[in-house]
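Colleague: Just one file: work_12.txt, with compact mmCIF, C-alpha atoms and all ligand atoms.
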# COMPACT_ATOMS: atom_id res chain seq x y z
CA MET A 1 -8.99 -7.13 12.49
CA ARG A 2 -8.60 -3.61 11.02
CA ILE A 3 -5.04 -2.80 10.10
CA ILE A 4 -3.26 -0.01 8.26
CA ILE A 5 0.22 -0.72 6.91
CA MET A 6 2.14 2.41 6.19
CA GLY A 7 5.66 3.33 5.19
CA PRO A 8 7.64 4.70 2.26
CA PRO A 9 6.92 3.56 -1.30
CA GLY A 10 8.66 0.27 -1.98
CA VAL A 11 9.32 -0.71 1.64
CA GLY A 12 7.22 -3.87 1.14
CA LYS A 13 3.72 -2.84 2.30
CA GLY A 14 1.94 -4.62 -0.52
CA THR A 15 4.09 -7.75 -0.19
CA GLU A 16 3.33 -7.95 3.53
CA ALA A 17 -0.38 -7.11 3.14
CA SER A 18 -0.79 -9.86 0.51
CA MET A 19 0.81 -12.38 2.89
CA LEU A 20 -1.56 -11.35 5.68
CA GLU A 21 -4.53 -11.50 3.34
CA ALA A 22 -3.67 -15.07 2.36
CA GLN A 23 -2.97 -16.15 5.93
CA PHE A 24 -5.94 -14.55 7.72
CA ASN A 25 -8.42 -14.23 4.88
CA ILE A 26 -8.88 -10.50 5.46
CA PRO A 27 -9.19 -8.26 2.39
CA HIS A 28 -6.12 -6.30 1.36
CA VAL A 29 -7.04 -2.86 0.09
CA SER A 30 -4.37 -0.94 -1.83
CA THR A 31 -5.48 2.39 -3.26
CA GLY A 32 -2.63 2.13 -5.76
CA ASP A 33 -3.98 -1.24 -6.97
CA ILE A 34 -7.51 0.20 -7.22
CA PHE A 35 -6.29 3.11 -9.37
CA ARG A 36 -4.28 0.78 -11.61
CA ALA A 37 -7.28 -1.55 -12.02
CA LEU A 38 -9.44 1.46 -12.97
CA PHE A 39 -7.09 2.69 -15.63
CA ARG A 40 -6.79 -0.78 -17.14
CA THR A 41 -10.56 -0.68 -17.77
CA ASP A 42 -10.52 2.90 -19.15
CA ASP A 43 -12.63 4.14 -16.25
CA PRO A 44 -12.59 8.00 -16.23
CA ILE A 45 -11.41 8.07 -12.59
CA GLY A 46 -8.51 5.81 -13.54
CA ILE A 47 -7.61 8.00 -16.50
CA GLU A 48 -7.63 11.10 -14.29
CA ALA A 49 -5.61 9.37 -11.56
CA ARG A 50 -3.00 8.17 -14.05
CA GLU A 51 -1.93 11.77 -14.77
CA TYR A 52 -0.73 11.99 -11.18
CA ILE A 53 0.49 8.42 -10.70
CA ASP A 54 2.81 8.39 -13.69
CA LYS A 55 4.51 11.56 -12.39
CA GLY A 56 4.84 10.14 -8.89
CA LEU A 57 2.42 12.70 -7.43
CA LEU A 58 -0.40 12.00 -5.02
CA VAL A 59 -3.84 11.71 -6.58
CA PRO A 60 -6.04 14.52 -5.14
CA ASP A 61 -7.69 13.68 -1.81
CA GLU A 62 -11.22 14.13 -3.09
CA LEU A 63 -10.73 11.42 -5.71
CA THR A 64 -8.79 9.13 -3.38
CA ASN A 65 -11.29 9.38 -0.51
CA ARG A 66 -14.06 8.72 -3.01
CA ILE A 67 -12.54 5.44 -4.24
CA VAL A 68 -12.07 4.32 -0.64
CA GLU A 69 -15.71 5.04 0.16
CA THR A 70 -16.71 3.16 -2.98
CA ARG A 71 -14.62 0.17 -1.86
CA PHE A 72 -16.64 0.08 1.36
CA ARG A 73 -19.82 -0.51 -0.64
CA THR A 74 -18.60 -4.11 -0.89
CA GLU A 75 -19.34 -5.86 2.38
CA ASP A 76 -16.18 -7.93 2.75
CA VAL A 77 -14.32 -4.92 4.22
CA HIS A 78 -17.01 -4.28 6.84
CA HIS A 79 -15.63 -7.10 8.95
CA GLY A 80 -11.94 -6.30 8.66
CA PHE A 81 -9.31 -4.92 6.32
CA ILE A 82 -5.63 -4.43 5.69
CA PHE A 83 -5.13 -1.01 4.14
CA ASP A 84 -1.91 -0.32 2.28
CA GLY A 85 -1.05 3.05 0.74
CA TYR A 86 -3.94 4.91 2.37
CA PRO A 87 -4.04 7.30 4.17
CA ARG A 88 -1.04 9.03 2.63
CA ASN A 89 -1.39 12.53 4.11
CA VAL A 90 -2.95 14.00 7.27
CA ALA A 91 -6.10 15.21 5.47
CA GLN A 92 -6.77 11.63 4.27
CA ALA A 93 -6.10 10.26 7.76
CA GLU A 94 -8.64 12.69 9.21
CA ALA A 95 -11.20 11.82 6.53
CA PHE A 96 -10.67 8.09 7.15
CA THR A 97 -11.04 8.45 10.94
CA LYS A 98 -14.29 10.37 10.42
CA PHE A 99 -15.56 7.76 7.95
CA LEU A 100 -14.82 4.90 10.37
CA ASN A 101 -16.17 6.75 13.42
CA GLU A 102 -19.46 7.33 11.66
CA ARG A 103 -19.79 3.56 11.40
CA ASN A 104 -18.49 2.78 14.88
CA TRP A 105 -15.44 1.04 13.45
CA LYS A 106 -11.96 1.40 14.86
CA VAL A 107 -8.53 0.68 13.48
CA ASP A 108 -6.80 -1.90 15.73
CA THR A 109 -3.26 -1.00 14.78
CA VAL A 110 -1.16 1.04 12.36
CA ILE A 111 1.99 -0.79 11.38
CA ASN A 112 4.70 1.57 10.20
CA VAL A 113 7.36 -0.26 8.19
CA ASP A 114 10.46 1.79 7.50
CA THR A 115 13.97 1.57 6.11
CA LYS A 116 16.53 3.92 4.61
CA ASP A 117 16.02 5.65 1.24
CA GLU A 118 18.91 3.75 -0.35
CA THR A 119 17.13 0.42 0.27
CA ILE A 120 13.86 1.87 -1.01
CA ILE A 121 15.51 2.87 -4.28
CA GLU A 122 16.93 -0.64 -4.71
CA ARG A 123 13.54 -2.24 -4.04
CA LEU A 124 11.59 0.08 -6.32
CA SER A 125 14.02 -0.09 -9.20
CA GLY A 126 14.12 -3.91 -9.08
CA ARG A 127 10.36 -4.36 -8.70
CA ARG A 128 8.54 -6.18 -11.49
CA VAL A 129 4.79 -6.74 -11.56
CA CYS A 130 2.39 -9.00 -13.37
CA PRO A 131 0.03 -6.90 -15.52
CA LYS A 132 -2.57 -9.65 -15.32
CA CYS A 133 -2.87 -10.66 -11.65
CA GLY A 134 -0.93 -7.84 -9.94
CA ALA A 135 1.63 -10.15 -8.26
CA THR A 136 4.83 -8.36 -7.26
CA TYR A 137 8.37 -9.67 -7.66
CA HIS A 138 11.90 -8.35 -7.35
CA ILE A 139 14.76 -9.11 -9.72
CA VAL A 140 17.07 -9.98 -6.80
CA SER A 141 15.15 -10.51 -3.54
CA ASN A 142 11.89 -12.04 -4.73
CA LYS A 143 12.41 -13.74 -8.08
CA PRO A 144 9.71 -15.59 -9.99
CA ARG A 145 10.43 -19.27 -10.69
CA ILE A 146 11.12 -18.50 -14.37
CA GLU A 147 12.91 -15.24 -15.08
CA ASN A 148 10.48 -12.40 -15.85
CA ILE A 149 7.41 -14.70 -15.95
CA CYS A 150 4.58 -14.63 -13.39
CA ASP A 151 4.36 -17.82 -11.28
CA ASN A 152 0.55 -17.61 -11.16
CA ASP A 153 -0.37 -17.20 -14.80
CA GLN A 154 2.84 -17.30 -16.91
CA THR A 155 2.34 -13.67 -18.03
CA GLU A 156 5.44 -11.64 -18.87
CA LEU A 157 6.31 -9.22 -16.05
CA ILE A 158 6.57 -5.47 -16.55
CA GLN A 159 8.15 -2.55 -14.75
CA ARG A 160 5.73 0.09 -13.41
CA LYS A 161 6.16 3.44 -15.15
CA ASP A 162 6.43 5.15 -11.75
CA ASP A 163 9.32 2.84 -10.77
CA LYS A 164 11.67 4.68 -13.15
CA PRO A 165 14.52 6.61 -11.41
CA GLU A 166 13.21 10.20 -11.91
CA THR A 167 9.76 9.28 -10.61
CA ILE A 168 11.16 7.35 -7.64
CA LYS A 169 12.88 10.57 -6.54
CA ASN A 170 9.57 12.50 -6.62
CA ARG A 171 7.75 9.79 -4.71
CA LEU A 172 10.34 9.74 -1.96
CA GLU A 173 10.21 13.54 -1.60
CA ILE A 174 6.44 13.43 -1.36
CA TYR A 175 6.65 10.64 1.18
CA HIS A 176 8.94 12.65 3.45
CA ARG A 177 6.88 15.81 3.10
CA GLU A 178 3.30 14.56 3.08
CA THR A 179 3.10 10.99 4.37
CA LYS A 180 5.55 11.11 7.28
CA PRO A 181 3.29 13.44 9.31
CA VAL A 182 0.68 10.65 9.24
CA ILE A 183 3.03 8.63 11.50
CA GLU A 184 2.71 11.33 14.15
CA TYR A 185 -1.05 11.46 13.65
CA TYR A 186 -1.40 7.76 14.51
CA ARG A 187 1.21 7.91 17.25
CA LYS A 188 -0.90 10.54 18.99
CA ALA A 189 -3.94 8.29 18.53
CA GLY A 190 -2.02 5.52 20.35
CA LEU A 191 -2.20 3.17 17.36
CA LEU A 192 1.31 3.22 15.95
CA VAL A 193 3.70 0.28 16.01
CA ASN A 194 7.06 0.41 14.23
CA VAL A 195 8.55 -2.40 12.17
CA ASP A 196 12.11 -2.47 10.85
CA GLY A 197 11.75 -3.10 7.13
CA SER A 198 15.46 -3.37 6.35
CA GLY A 199 15.59 -7.18 6.60
CA ASP A 200 14.21 -9.72 4.14
CA ILE A 201 10.52 -10.40 3.47
CA GLU A 202 10.37 -13.14 6.12
CA ASN A 203 11.95 -10.89 8.71
CA THR A 204 9.34 -8.18 8.17
CA HIS A 205 6.59 -10.78 8.23
CA ARG A 206 7.79 -12.23 11.54
CA GLN A 207 7.70 -8.79 13.18
CA VAL A 208 4.21 -8.11 11.84
CA LEU A 209 2.90 -11.49 13.01
CA LYS A 210 4.22 -10.76 16.49
CA ILE A 211 2.30 -7.45 16.55
CA ILE A 212 -0.89 -9.11 15.35
CA GLY A 213 -0.48 -11.91 17.91
CA ASP A 214 -0.31 -9.29 20.66
CA LEU A 215 -3.60 -7.67 19.59
CA LYS A 216 -6.81 -8.53 21.32
CA TRP A 217 -9.27 -9.11 18.52
P1 LIG A 301 5.17 -1.22 -1.43
O1 LIG A 301 3.83 -1.89 -1.45
O2 LIG A 301 5.54 -0.73 -0.05
O3 LIG A 301 5.33 -0.17 -2.48
P2 LIG A 301 6.20 -3.77 -2.45
O4 LIG A 301 5.53 -4.74 -1.53
O5 LIG A 301 5.68 -3.66 -3.84
O6 LIG A 301 6.28 -2.30 -1.75
O7 LIG A 301 7.75 -4.13 -2.47
C1 LIG A 301 8.68 -3.35 -3.26
C2 LIG A 301 9.70 -4.29 -3.89
O8 LIG A 301 10.57 -4.81 -2.90
C3 LIG A 301 9.09 -5.49 -4.58
O9 LIG A 301 9.88 -5.78 -5.71
C4 LIG A 301 9.18 -6.61 -3.53
O10 LIG A 301 9.27 -7.89 -4.13
C5 LIG A 301 10.46 -6.25 -2.79
N1 LIG A 301 10.43 -6.48 -1.35
C6 LIG A 301 9.38 -6.34 -0.49
N2 LIG A 301 9.75 -6.55 0.79
C7 LIG A 301 11.10 -6.82 0.74
C8 LIG A 301 12.10 -7.11 1.73
N3 LIG A 301 11.80 -7.16 3.05
N4 LIG A 301 13.37 -7.34 1.32
C9 LIG A 301 13.69 -7.26 0.02
N5 LIG A 301 12.81 -7.00 -0.96
C10 LIG A 301 11.54 -6.76 -0.61
P1 LIG A 302 1.30 2.54 -4.65
O1 LIG A 302 0.81 1.39 -5.45
O2 LIG A 302 0.79 2.53 -3.22
O3 LIG A 302 2.78 2.75 -4.73
O4 LIG A 302 0.63 3.84 -5.29
C1 LIG A 302 0.94 4.24 -6.60
C2 LIG A 302 0.48 5.65 -6.85
O5 LIG A 302 -0.95 5.74 -6.72
C3 LIG A 302 1.02 6.71 -5.88
O6 LIG A 302 2.31 7.16 -6.23
C4 LIG A 302 -0.04 7.81 -6.04
O7 LIG A 302 0.14 8.51 -7.26
C5 LIG A 302 -1.33 6.98 -6.17
N1 LIG A 302 -1.92 6.75 -4.83
C6 LIG A 302 -2.06 5.54 -4.21
N2 LIG A 302 -2.62 5.71 -3.00
C7 LIG A 302 -2.83 7.04 -2.86
C8 LIG A 302 -3.34 7.86 -1.81
N3 LIG A 302 -3.76 7.33 -0.66
N4 LIG A 302 -3.41 9.20 -2.02
C9 LIG A 302 -2.99 9.74 -3.16
N5 LIG A 302 -2.46 9.04 -4.17
C10 LIG A 302 -2.38 7.70 -4.03
ZN ZN A 303 0.25 -12.98 -12.73
Represent the supplied structure as structure tokens.

Modeller:
Amino acid sequence: MRIIIMGPPGVGKGTEASMLEAQFNIPHVSTGDIFRALFRTDDPIGIEAREYIDKGLLVPDELTNRIVETRFRTEDVHHGFIFDGYPRNVAQAEAFTKFLNERNWKVDTVINVDTKDETIIERLSGRRVCPKCGATYHIVSNKPRIENICDNDQTELIQRKDDKPETIKNRLEIYHRETKPVIEYYRKAGLLVNVDGSGDIENTHRQVLKIIGDLKW
């Protein structure tokens, strides 16, 4: 199964992709997570990417496409994947299609989760993440068992720098300008399915499971 989950920042792509990964044992690939892992280890690509990430800007395509290609050097993704956060503009979508075509691989479906900006702002501003294992929580809708402590490893949760109000505004603008045209790109390719992301986590998950159940794979 080869799936792309797209949608505005904070709609719940990562939350959903992690649930699918656990349920179907298919690797979840988040370019945002890869960049954050690289800058934690002082990798030069991570340091370069951080300049853009902290401002809420897109990392240049050349660098982003390169980390995706590098991810494909590990075999697990040859048999299936759940991409989240990539592609994020039409140039990346074209590069990804070319990359997959060259290997005779096809995306089965592109799941576009959406909701209104007001909800996005609430989700992003209440998001807390574990700096150790990357688990994502929300101060209201997805609380850890003990306040501000990761359920998996008892590490204290942090707020992402790019989840601060000024940066959220930039990210939403960029989403509307650069990422939204990718919806049309995949609609034309006959791959797009829409999911209403305004309900709770379970509601989104139920809709996604229905889509996956309808696929022939
Ligand atoms: P994305 O990967 O799209 O940026 P996340 O999966 O990190 O988004 O979710 C953003 C925030 O919203 C997180 O704090 C998460 O716990 C919370 N969240 C995710 N899906 C929902 C939902 N359907 N309802 C309420 N909160 C949600
Ligand atoms: P995310 O974790 O998906 O919210 O991504 C966090 C940040 O990483 C984004 O705001 C961008 O700065 C960067 N990023 C992640 N994926 C991409 C991508 N496909 N293209 C460009 N920048 C990206
Ligand atoms: Zn953790």

Colleague: When you count only C-alpha atoms, which of these residues is closest to Gln159 (chain A): A:Gly134, A:Pro60, A:Pro27, A:Pro9?

Modeller: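 Checking each of A:Gly134, A:Pro60, A:Pro27, A:Pro9 against Gln159 (chain A), counting only C-alpha atoms, the winner is A:Gly134.
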
Colleague: Between A:Met1, A:Ala49, A:Cys150, A:Cys130, which one has atoms that come closest to Val77 (chain A), using only C-alpha atoms?

Modeller: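 Using only C-alpha atoms, Val77 (chain A) sits closest to A:Met1.
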
Colleague: What's the separation between CA of Val129 (chain A) and CA of Asn148 (chain A), in Å to one decimal place?

Modeller: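 One can read the CA of Val129 (chain A) to CA of Asn148 (chain A) distance as 9.1 Å.
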
Colleague: Excluding region 101-108 of chain A and any residue of its chain fewer than 2 positions from it, enumerate the residues within 10 Å of it, using only C-alpha atoms, and give them as number ranges by chain.

Modeller: A: 1-4, 78-82, 95-99, 110-111, 190-192, 212, 215-217

Colleague: Tell me, counting only C-alpha atoms and all ligand atoms, for each residue of chain A within 9 Å of ligand LIG 301 (chain A), which pair of atoms is nearest and how far apart they are in Å to one decimal, in rows ordered by chain and increasing number, as a Markdown table.

Modeller:
| residue | atom | partner | partner_atom | distance |
| --- | --- | --- | --- | --- |
| A:Ile5 | CA | A:LIG301 | O2 | 8.8 |
| A:Met6 | CA | A:LIG301 | O2 | 7.8 |
| A:Gly7 | CA | A:LIG301 | O2 | 6.6 |
| A:Pro8 | CA | A:LIG301 | O2 | 6.3 |
| A:Pro9 | CA | A:LIG301 | O3 | 4.2 |
| A:Gly10 | CA | A:LIG301 | O3 | 3.4 |
| A:Val11 | CA | A:LIG301 | O2 | 4.1 |
| A:Gly12 | CA | A:LIG301 | O4 | 3.3 |
| A:Lys13 | CA | A:LIG301 | O2 | 3.6 |
| A:Gly14 | CA | A:LIG301 | O1 | 3.4 |
| A:Thr15 | CA | A:LIG301 | O4 | 3.6 |
| A:Glu16 | CA | A:LIG301 | O4 | 6.4 |
| A:Ala17 | CA | A:LIG301 | O4 | 7.9 |
| A:Ser18 | CA | A:LIG301 | O4 | 8.4 |
| A:Ser30 | CA | A:LIG301 | O1 | 8.3 |
| A:Gly32 | CA | A:LIG301 | O1 | 8.7 |
| A:Asp84 | CA | A:LIG301 | O1 | 7.0 |
| A:Gly85 | CA | A:LIG301 | O1 | 7.3 |
| A:Val113 | CA | A:LIG301 | O2 | 8.5 |
| A:Thr119 | CA | A:LIG301 | C9 | 8.4 |
| A:Ile120 | CA | A:LIG301 | O8 | 7.7 |
| A:Glu122 | CA | A:LIG301 | O8 | 7.8 |
| A:Arg123 | CA | A:LIG301 | O8 | 4.1 |
| A:Leu124 | CA | A:LIG301 | C2 | 5.3 |
| A:Ser125 | CA | A:LIG301 | O9 | 7.9 |
| A:Gly126 | CA | A:LIG301 | O9 | 5.7 |
| A:Arg127 | CA | A:LIG301 | O9 | 3.3 |
| A:Arg128 | CA | A:LIG301 | O9 | 5.9 |
| A:Val129 | CA | A:LIG301 | O9 | 7.8 |
| A:Ala135 | CA | A:LIG301 | O5 | 8.8 |
| A:Thr136 | CA | A:LIG301 | O10 | 5.5 |
| A:Tyr137 | CA | A:LIG301 | O10 | 4.1 |
| A:His138 | CA | A:LIG301 | O9 | 3.7 |
| A:Ile139 | CA | A:LIG301 | O9 | 7.1 |
| A:Val140 | CA | A:LIG301 | N5 | 7.8 |
| A:Ser141 | CA | A:LIG301 | N5 | 4.9 |
| A:Asn142 | CA | A:LIG301 | O10 | 4.9 |
| A:Lys143 | CA | A:LIG301 | O10 | 7.7 |
| A:Gly197 | CA | A:LIG301 | N3 | 5.8 |
| A:Ser198 | CA | A:LIG301 | N3 | 6.2 |
| A:Gly199 | CA | A:LIG301 | N3 | 5.2 |
| A:Asp200 | CA | A:LIG301 | N3 | 3.7 |
| A:Ile201 | CA | A:LIG301 | N3 | 3.5 |
| A:Glu202 | CA | A:LIG301 | N3 | 6.9 |
| A:Asn203 | CA | A:LIG301 | N3 | 6.8 |
| A:Thr204 | CA | A:LIG301 | N3 | 5.8 |
| A:His205 | CA | A:LIG301 | N3 | 8.2 |

Colleague: Considering all atoms listed in the file, can you say which of A:Ala189, A:Ala93, A:Leu57, A:Ile168 comes closest to ligand LIG 302 (chain A)?

Modeller: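 Counting all atoms listed in the file, the residue closest to ligand LIG 302 (chain A) is A:Leu57.
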
Colleague: Go through A:Asn170, A:Val90, A:Asp42, A:Pro144 one by one, measure the shortest atom-to-atom distance of each to ligand ZN 303 (chain A) using all atoms listed in the file, and give the residue with the smallest value.

Modeller: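 When distances to ligand ZN 303 (chain A) are compared using all atoms listed in the file, the smallest one comes from A:Pro144.
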
Colleague: Figure out the distance between CA of Asp196 (chain A) and CA of Asp114 (chain A), please, to one decimal in Å.

Modeller: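 CA of Asp196 (chain A) lies 5.7 Å from CA of Asp114 (chain A).
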
Colleague: My list of candidates is A:Asp153, A:Glu118, A:Asp76, A:Glu69. Which is closest to ligand ZN 303 (chain A) when distances are computed with all atoms listed in the file?

Modeller: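 The closest residue to ligand ZN 303 (chain A) is A:Asp153.
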
Colleague: Find the residue from A:Asp214, A:Asp117, A:Glu173, A:Glu156 that sits nearest to ligand ZN 303 (chain A); use all atoms listed in the file when measuring.

Modeller: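 Ranking A:Asp214, A:Asp117, A:Glu173, A:Glu156 by distance to ligand ZN 303 (chain A), first place goes to A:Glu156.
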
Colleague: Hey, what's within 10 Å of region 176-178 of chain A if we count all atoms listed in the file and toss same-chain stuff fewer than 2 positions away? As number ranges by chain, please?

Modeller: A: 8, 58, 88-91, 171-174, 180-182

Colleague: To one decimal place, how far is atom C7 of ligand LIG 302 (chain A) from CA of Asp163 (chain A) in Å?

Modeller: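 It comes out at 15.1 Å.
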
Colleague: If you count all atoms listed in the file, which residues fall within 12 Å of Thr70 (chain A), apart from same-chain ones fewer than 4 positions away, as a list in words?

Modeller: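 Counting all atoms listed in the file, the residues come to Val29, Thr31, Ile34, Leu63, Thr64, Asn65, Arg66, Thr74, Glu75, Val77 and Phe99 of chain A.
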